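Just run_20.csv here, CSV, C-alpha atoms:
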chain,number,residue,atom,x,y,z
A,945,MET,CA,-30.0,-0.1,20.8
A,946,SER,CA,-31.8,0.4,17.5
A,947,TRP,CA,-32.4,3.1,15.0
A,948,GLU,CA,-34.6,3.7,12.0
A,949,VAL,CA,-33.0,4.9,8.8
A,950,LYS,CA,-34.6,5.9,5.5
A,951,VAL,CA,-33.5,4.2,2.3
A,952,HIS,CA,-32.7,6.8,-0.5
A,953,ASP,CA,-32.0,6.4,-4.2
A,954,LYS,CA,-30.0,3.4,-5.2
A,955,GLY,CA,-30.4,1.9,-1.7
A,956,LEU,CA,-28.3,4.5,0.0
A,957,ILE,CA,-28.7,4.7,3.8
A,958,VAL,CA,-27.1,7.0,6.4
A,959,LEU,CA,-25.7,5.3,9.5
A,960,PRO,CA,-26.5,7.3,12.6
A,961,ALA,CA,-23.6,9.4,13.8
A,962,GLU,CA,-23.6,7.8,17.2
A,963,LEU,CA,-23.3,4.3,15.7
A,964,ARG,CA,-20.5,5.5,13.4
A,965,ARG,CA,-18.6,7.0,16.3
A,966,ALA,CA,-19.0,3.9,18.5
A,967,LEU,CA,-17.8,1.5,15.8
A,968,ARG,CA,-15.2,4.0,14.4
A,969,ILE,CA,-16.8,3.9,10.9
A,970,LYS,CA,-15.4,6.7,8.8
A,971,ARG,CA,-15.5,7.8,5.2
A,972,GLY,CA,-13.8,5.0,3.3
A,973,SER,CA,-14.6,2.3,5.8
A,974,ILE,CA,-15.6,-1.0,4.3
A,975,LEU,CA,-18.7,-2.8,5.7
A,976,GLU,CA,-19.4,-6.5,5.1
A,977,VAL,CA,-23.1,-6.9,4.2
A,978,ARG,CA,-24.7,-10.2,5.0
A,979,ARG,CA,-28.3,-11.3,4.7
A,980,GLU,CA,-29.6,-13.4,7.5
A,981,GLY,CA,-33.2,-14.4,6.6
A,982,ASP,CA,-35.1,-11.1,6.7
A,983,ARG,CA,-32.3,-9.2,8.4
A,984,ILE,CA,-29.4,-7.3,6.9
A,985,VAL,CA,-26.2,-7.4,9.0
A,986,LEU,CA,-23.5,-4.8,8.4
A,987,LYS,CA,-20.1,-5.6,9.9
A,988,PRO,CA,-17.2,-3.2,9.7
A,989,LYS,CA,-14.1,-4.9,8.1
A,990,PRO,CA,-10.7,-4.0,9.4
A,991,THR,CA,-9.2,-1.5,6.9
A,992,LEU,CA,-5.7,-0.7,5.8
A,993,LEU,CA,-6.0,2.6,7.8
A,994,GLU,CA,-6.8,0.7,11.0
A,995,SER,CA,-4.0,-1.8,10.5
A,996,TYR,CA,-1.2,0.6,11.2
A,997,GLY,CA,1.1,-1.0,13.8
A,998,SER,CA,-0.8,-4.4,13.6
A,999,ASP,CA,2.5,-6.4,13.1
A,1000,GLU,CA,5.5,-6.8,15.4
A,1001,LYS,CA,8.0,-4.1,14.5
A,1002,VAL,CA,11.0,-6.5,14.5
A,1003,ARG,CA,9.3,-8.9,12.1
A,1004,ALA,CA,8.0,-6.1,9.9
A,1005,SER,CA,11.6,-4.7,9.7
A,1006,ARG,CA,12.8,-8.2,8.7
A,1007,VAL,CA,10.4,-8.2,5.7
A,1008,ILE,CA,11.9,-4.9,4.6
A,1009,THR,CA,15.5,-6.2,5.1
A,1010,ARG,CA,14.6,-9.2,2.9
A,1011,ILE,CA,13.3,-6.9,0.1
A,1012,HIS,CA,16.5,-4.8,0.2
A,1013,GLU,CA,18.8,-7.8,0.3
A,1014,GLU,CA,17.1,-9.4,-2.6
A,1015,ARG,CA,17.4,-6.2,-4.6
A,1016,ARG,CA,21.1,-5.9,-3.6
A,1017,ARG,CA,21.8,-9.5,-4.6
A,1018,GLU,CA,20.3,-8.9,-8.0
A,1019,VAL,CA,22.5,-5.9,-8.7
A,1020,GLU,CA,25.6,-7.7,-7.4
A,1021,ALA,CA,24.9,-10.7,-9.6
A,1022,GLU,CA,24.5,-8.4,-12.6
A,1023,SER,CA,27.8,-6.6,-11.8
A,1024,ALA,CA,29.6,-9.9,-11.5
A,1025,SER,CA,28.4,-11.2,-14.8
B,961,MET,CA,-3.7,18.4,-9.2
B,962,LYS,CA,-3.7,16.3,-6.1
B,963,GLN,CA,-0.4,15.1,-4.8
B,964,ARG,CA,0.4,11.5,-6.0
B,965,VAL,CA,2.4,9.0,-4.0
B,966,LEU,CA,3.7,5.7,-5.4
B,967,LEU,CA,4.1,3.2,-2.7
B,968,ASP,CA,7.1,0.8,-2.8
B,969,ALA,CA,7.1,-2.7,-1.4
B,970,GLY,CA,8.6,-1.8,1.9
B,971,PHE,CA,5.9,0.9,2.5
B,972,PHE,CA,3.4,-1.7,3.6
B,973,SER,CA,5.7,-3.3,6.1
B,974,VAL,CA,6.4,0.1,7.6
B,975,HIS,CA,2.6,0.7,7.8
B,976,PHE,CA,1.8,-2.8,9.3
B,977,GLY,CA,4.8,-2.6,11.6
B,978,GLY,CA,4.0,0.9,12.7
B,979,THR,CA,7.6,2.1,12.4
B,980,ASP,CA,6.9,5.5,10.7
B,981,GLU,CA,3.9,7.7,11.3
B,982,ARG,CA,4.3,9.2,7.8
B,983,ALA,CA,3.1,5.9,6.3
B,984,LYS,CA,-0.1,6.2,8.4
B,985,LYS,CA,-0.5,9.8,7.3
B,986,ILE,CA,-0.2,8.8,3.6
B,987,VAL,CA,-2.9,6.1,4.0
B,988,GLU,CA,-5.1,8.6,5.9
B,989,ASN,CA,-4.7,11.2,3.3
B,990,ALA,CA,-5.4,8.7,0.5
B,991,ALA,CA,-8.5,7.4,2.3
B,992,THR,CA,-9.9,10.9,2.6
B,993,GLY,CA,-9.1,11.9,-1.0
B,994,LYS,CA,-6.4,14.4,-0.1
B,995,LEU,CA,-3.8,12.6,-2.2
B,996,GLU,CA,-3.7,9.7,-4.7
B,997,ALA,CA,-1.8,6.6,-3.7
B,998,TYR,CA,-0.6,4.0,-6.2
B,999,VAL,CA,1.2,0.7,-6.0
B,1000,LEU,CA,2.8,-1.2,-8.9
B,1001,HIS,CA,1.7,-4.9,-9.2
B,1002,LEU,CA,5.4,-5.7,-9.3
B,1003,ASN,CA,6.1,-4.1,-5.9
B,1004,LEU,CA,2.9,-5.7,-4.4
B,1005,THR,CA,4.3,-9.1,-5.5
B,1006,GLU,CA,7.7,-8.2,-3.9
B,1007,PHE,CA,5.9,-7.3,-0.6
B,1008,LEU,CA,3.7,-10.4,-0.6
B,1009,TYR,CA,6.3,-13.1,-1.0
B,1010,ASN,CA,8.7,-11.5,1.3
B,1011,TYR,CA,5.9,-11.0,3.8
B,1012,ALA,CA,4.9,-14.6,3.4
B,1013,ALA,CA,8.5,-15.7,4.0
B,1014,GLU,CA,8.3,-14.1,7.4
B,1015,PHE,CA,4.6,-14.4,8.5
B,1016,GLY,CA,3.3,-17.3,6.3
B,1017,TRP,CA,1.1,-17.3,3.2
B,1018,GLU,CA,-2.2,-17.0,5.0
B,1019,ALA,CA,-1.1,-13.9,6.8
B,1020,ALA,CA,0.2,-12.5,3.4
B,1021,LYS,CA,-3.2,-13.2,1.8
B,1022,THR,CA,-4.9,-11.3,4.7
B,1023,LYS,CA,-2.7,-8.3,4.1
B,1024,HIS,CA,-3.3,-8.5,0.3
B,1025,SER,CA,-7.1,-8.4,1.0
B,1026,LEU,CA,-6.6,-5.3,3.2
B,1027,ILE,CA,-4.7,-3.6,0.4
B,1028,SER,CA,-7.0,-4.7,-2.4
B,1029,SER,CA,-10.2,-3.7,-0.5
B,1030,SER,CA,-8.7,-0.3,0.1
B,1031,LEU,CA,-9.9,1.2,-3.1
B,1032,PHE,CA,-8.0,4.4,-2.5
B,1033,VAL,CA,-4.7,2.5,-3.2
B,1034,LYS,CA,-4.8,2.2,-6.9
B,1035,GLN,CA,-3.0,-0.8,-8.3
B,1036,VAL,CA,-0.9,-0.1,-11.5
B,1037,ALA,CA,-0.2,-2.9,-14.0
B,1038,THR,CA,3.0,-2.8,-16.0
B,1039,THR,CA,2.5,-1.1,-19.3
B,1040,GLU,CA,4.8,-0.9,-22.3
B,1041,GLU,CA,5.4,2.7,-21.5
B,1042,ILE,CA,6.6,1.9,-18.0
B,1043,ALA,CA,8.7,-1.0,-19.3
B,1044,LEU,CA,10.5,1.2,-21.8
B,1045,LYS,CA,11.1,4.0,-19.3
B,1046,ALA,CA,12.4,1.4,-16.8
B,1047,ALA,CA,14.8,0.0,-19.3
B,1048,GLN,CA,16.2,3.5,-20.0
B,1049,ILE,CA,16.6,4.2,-16.2
B,1050,LYS,CA,18.3,0.8,-15.7
B,1051,LEU,CA,20.7,1.6,-18.5
B,1052,ARG,CA,21.7,4.9,-16.9
B,1053,ASN,CA,21.8,3.6,-13.3
B,1054,THR,CA,23.4,0.2,-13.3
B,1055,SER,CA,23.4,0.1,-9.5
B,1056,LEU,CA,19.6,0.1,-9.4
B,1057,SER,CA,17.5,-3.2,-9.2
B,1058,LEU,CA,14.9,-3.9,-11.7
B,1059,ALA,CA,12.2,-3.2,-9.1
B,1060,ASP,CA,13.8,0.2,-8.4
B,1061,SER,CA,13.9,1.0,-12.1
B,1062,TYR,CA,10.2,0.1,-12.6
B,1063,LEU,CA,9.3,2.2,-9.6
B,1064,LEU,CA,11.2,5.2,-10.8
B,1065,ALA,CA,9.7,4.9,-14.3
B,1066,ALA,CA,6.2,4.6,-13.0
B,1067,ALA,CA,6.7,7.6,-10.7
B,1068,GLU,CA,7.9,9.7,-13.6
B,1069,ILE,CA,4.9,8.7,-15.8
B,1070,LEU,CA,2.4,9.2,-13.0
B,1071,HIS,CA,4.1,12.4,-11.7
B,1072,ALA,CA,4.2,10.9,-8.3
B,1073,ARG,CA,6.6,11.0,-5.3
B,1074,ILE,CA,7.9,7.7,-4.1
B,1075,ALA,CA,7.4,6.5,-0.6
B,1076,THR,CA,10.0,3.8,0.1
B,1077,THR,CA,12.4,2.3,2.6
B,1078,ASP,CA,15.1,1.9,-0.1
B,1079,SER,CA,17.7,4.6,0.2
B,1080,ALA,CA,19.0,3.9,-3.3
B,1081,LEU,CA,15.9,5.7,-4.7
B,1082,LYS,CA,16.5,8.8,-2.6
B,1083,GLY,CA,19.8,9.2,-4.5
B,1084,VAL,CA,18.1,9.3,-7.8
B,1085,ARG,CA,14.9,11.3,-6.9
B,1086,ALA,CA,15.4,13.9,-4.3
B,1087,ASP,CA,11.7,14.2,-3.5
B,1088,THR,CA,11.5,10.6,-2.4
B,1089,ILE,CA,9.9,10.0,1.0
B,1090,LEU,CA,12.4,7.7,2.8
B,1091,LEU,CA,10.6,5.9,5.6
B,1092,LYS,CA,12.1,4.6,8.8
B,1093,PHE,CA,11.9,0.9,9.7
Now that the file is in, can you turn its structure into structure tokens?
Amino acid sequence: MSWEVKVHDKGLIVLPAELRRALRIKRGSILEVRREGDRIVLKPKPTLLESYGSDEKVRASRVITRIHEERRREVEAESAS
Amino acid sequence: MKQRVLLDAGFFSVHFGGTDERAKKIVENAATGKLEAYVLHLNLTEFLYNYAAEFGWEAAKTKHSLISSSLFVKQVATTEEIALKAAQIKLRNTSLSLADSYLLAAAEILHARIATTDSALKGVRADTILLKF
């Protein structure tokens, strides 16, 4: 499938809506732009928005526990000194 | 003025772990310009080394890249104003960690709510968003 798009001021182009929907490209999405000879390749990069729930819950919770424990240890050490 | 939210270290693990939909909503609203999201470098550091301890440094670098490339999460460096305010807060609340004190100071200066997993902050600022994990 291919489309033709017009290049506007400062190189702006509008990606066809069908393509945006298919690749879930939204406002704020980041695209990697690569030159391959005389071609321009645009590849959507995973975003922070799309990465919700990308880690195991148990391990993610362990990271938070580490942060809290470190903060608690710091306060306890200060109180003890 | 748009609502401002200051993201604590634990916020990112809530988001990546998918343990509280409110984290996703905050990111969505920041991405679409409905609110302004901020993170202190100090809290980013806290998140990254604790994340690396669990998932490894390469995985932490990937997460850092995701956060950094999301231009809607504005990174805040420590300023003298934040440092002074944090010192005052720490003096008044000896049970707070240094990271908590910096977070509270920055939130006050930025006029932002805090999104955190740390219940100690909720006790100091009632409007804090306490996330589940």
Just checking: using only C-alpha atoms, which residue out of B:Val999, B:Ser1061, B:Val965, B:Ala1047 ends up closest to Lys985 in chain B?
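Between B:Val999, B:Ser1061, B:Val965, B:Ala1047, the residue approaching Lys985 in chain B most closely is B:Val965.
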Would you mind listing, as number ranges by chain, all residues of chain B that have at least one atom within 9 Å of chain A, where all atoms listed in the file are what counts?
B: 969-979, 981, 983-984, 987-988, 991-992, 1006-1007, 1010-1015, 1023, 1026-1027, 1029-1032, 1054-1060, 1077-1078, 1093
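Among B:Tyr998, B:Ala1043, B:Asn1053, B:Leu966, the residue with the shortest atom-to-atom distance to Thr1076 in chain B, counting all atoms listed in the file, is B:Leu966.
Rounded to one decimal, CA of Thr1022 in chain B and CA of Ala997 in chain B lie 20.0 Å from each other.
The space between CA of Thr1005 in chain B and CA of Leu1063 in chain B spans 13.0 Å.
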How many Å separate CA of Gly993 in chain B from CA of Leu1008 in chain B?
25.7 Å
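By chain and then residue number, the residues within 8 Å of Pro960 in chain A are Trp947, Val949, Leu963 and Arg964 of chain A, counting all atoms listed in the file and disregarding those fewer than 3 positions away in sequence.
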Store the residues of this selection in a file with C-alpha atoms, as a compact mmCIF listing (two decimals), in the coordinates of the input.
# COMPACT_ATOMS: atom_id res chain seq x y z
CA TRP A 947 -32.40 3.10 15.00
CA VAL A 949 -33.00 4.90 8.80
CA LEU A 963 -23.30 4.30 15.70
CA ARG A 964 -20.50 5.50 13.40
Could you check the closest approach to Lys962 in chain B for each of B:Asp980, B:Glu1040, B:Glu1068, B:Glu996 and tell me which residue wins, using all atoms listed in the file?
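Of all the options, B:Glu996 lies closest to Lys962 in chain B.
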Using all atoms listed in the file: which of B:Leu1091, B:Gln963, B:Lys1021, B:Leu1002 has the shortest distance to Val1036 in chain B:
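Smallest distance to Val1036 in chain B is found for B:Leu1002.
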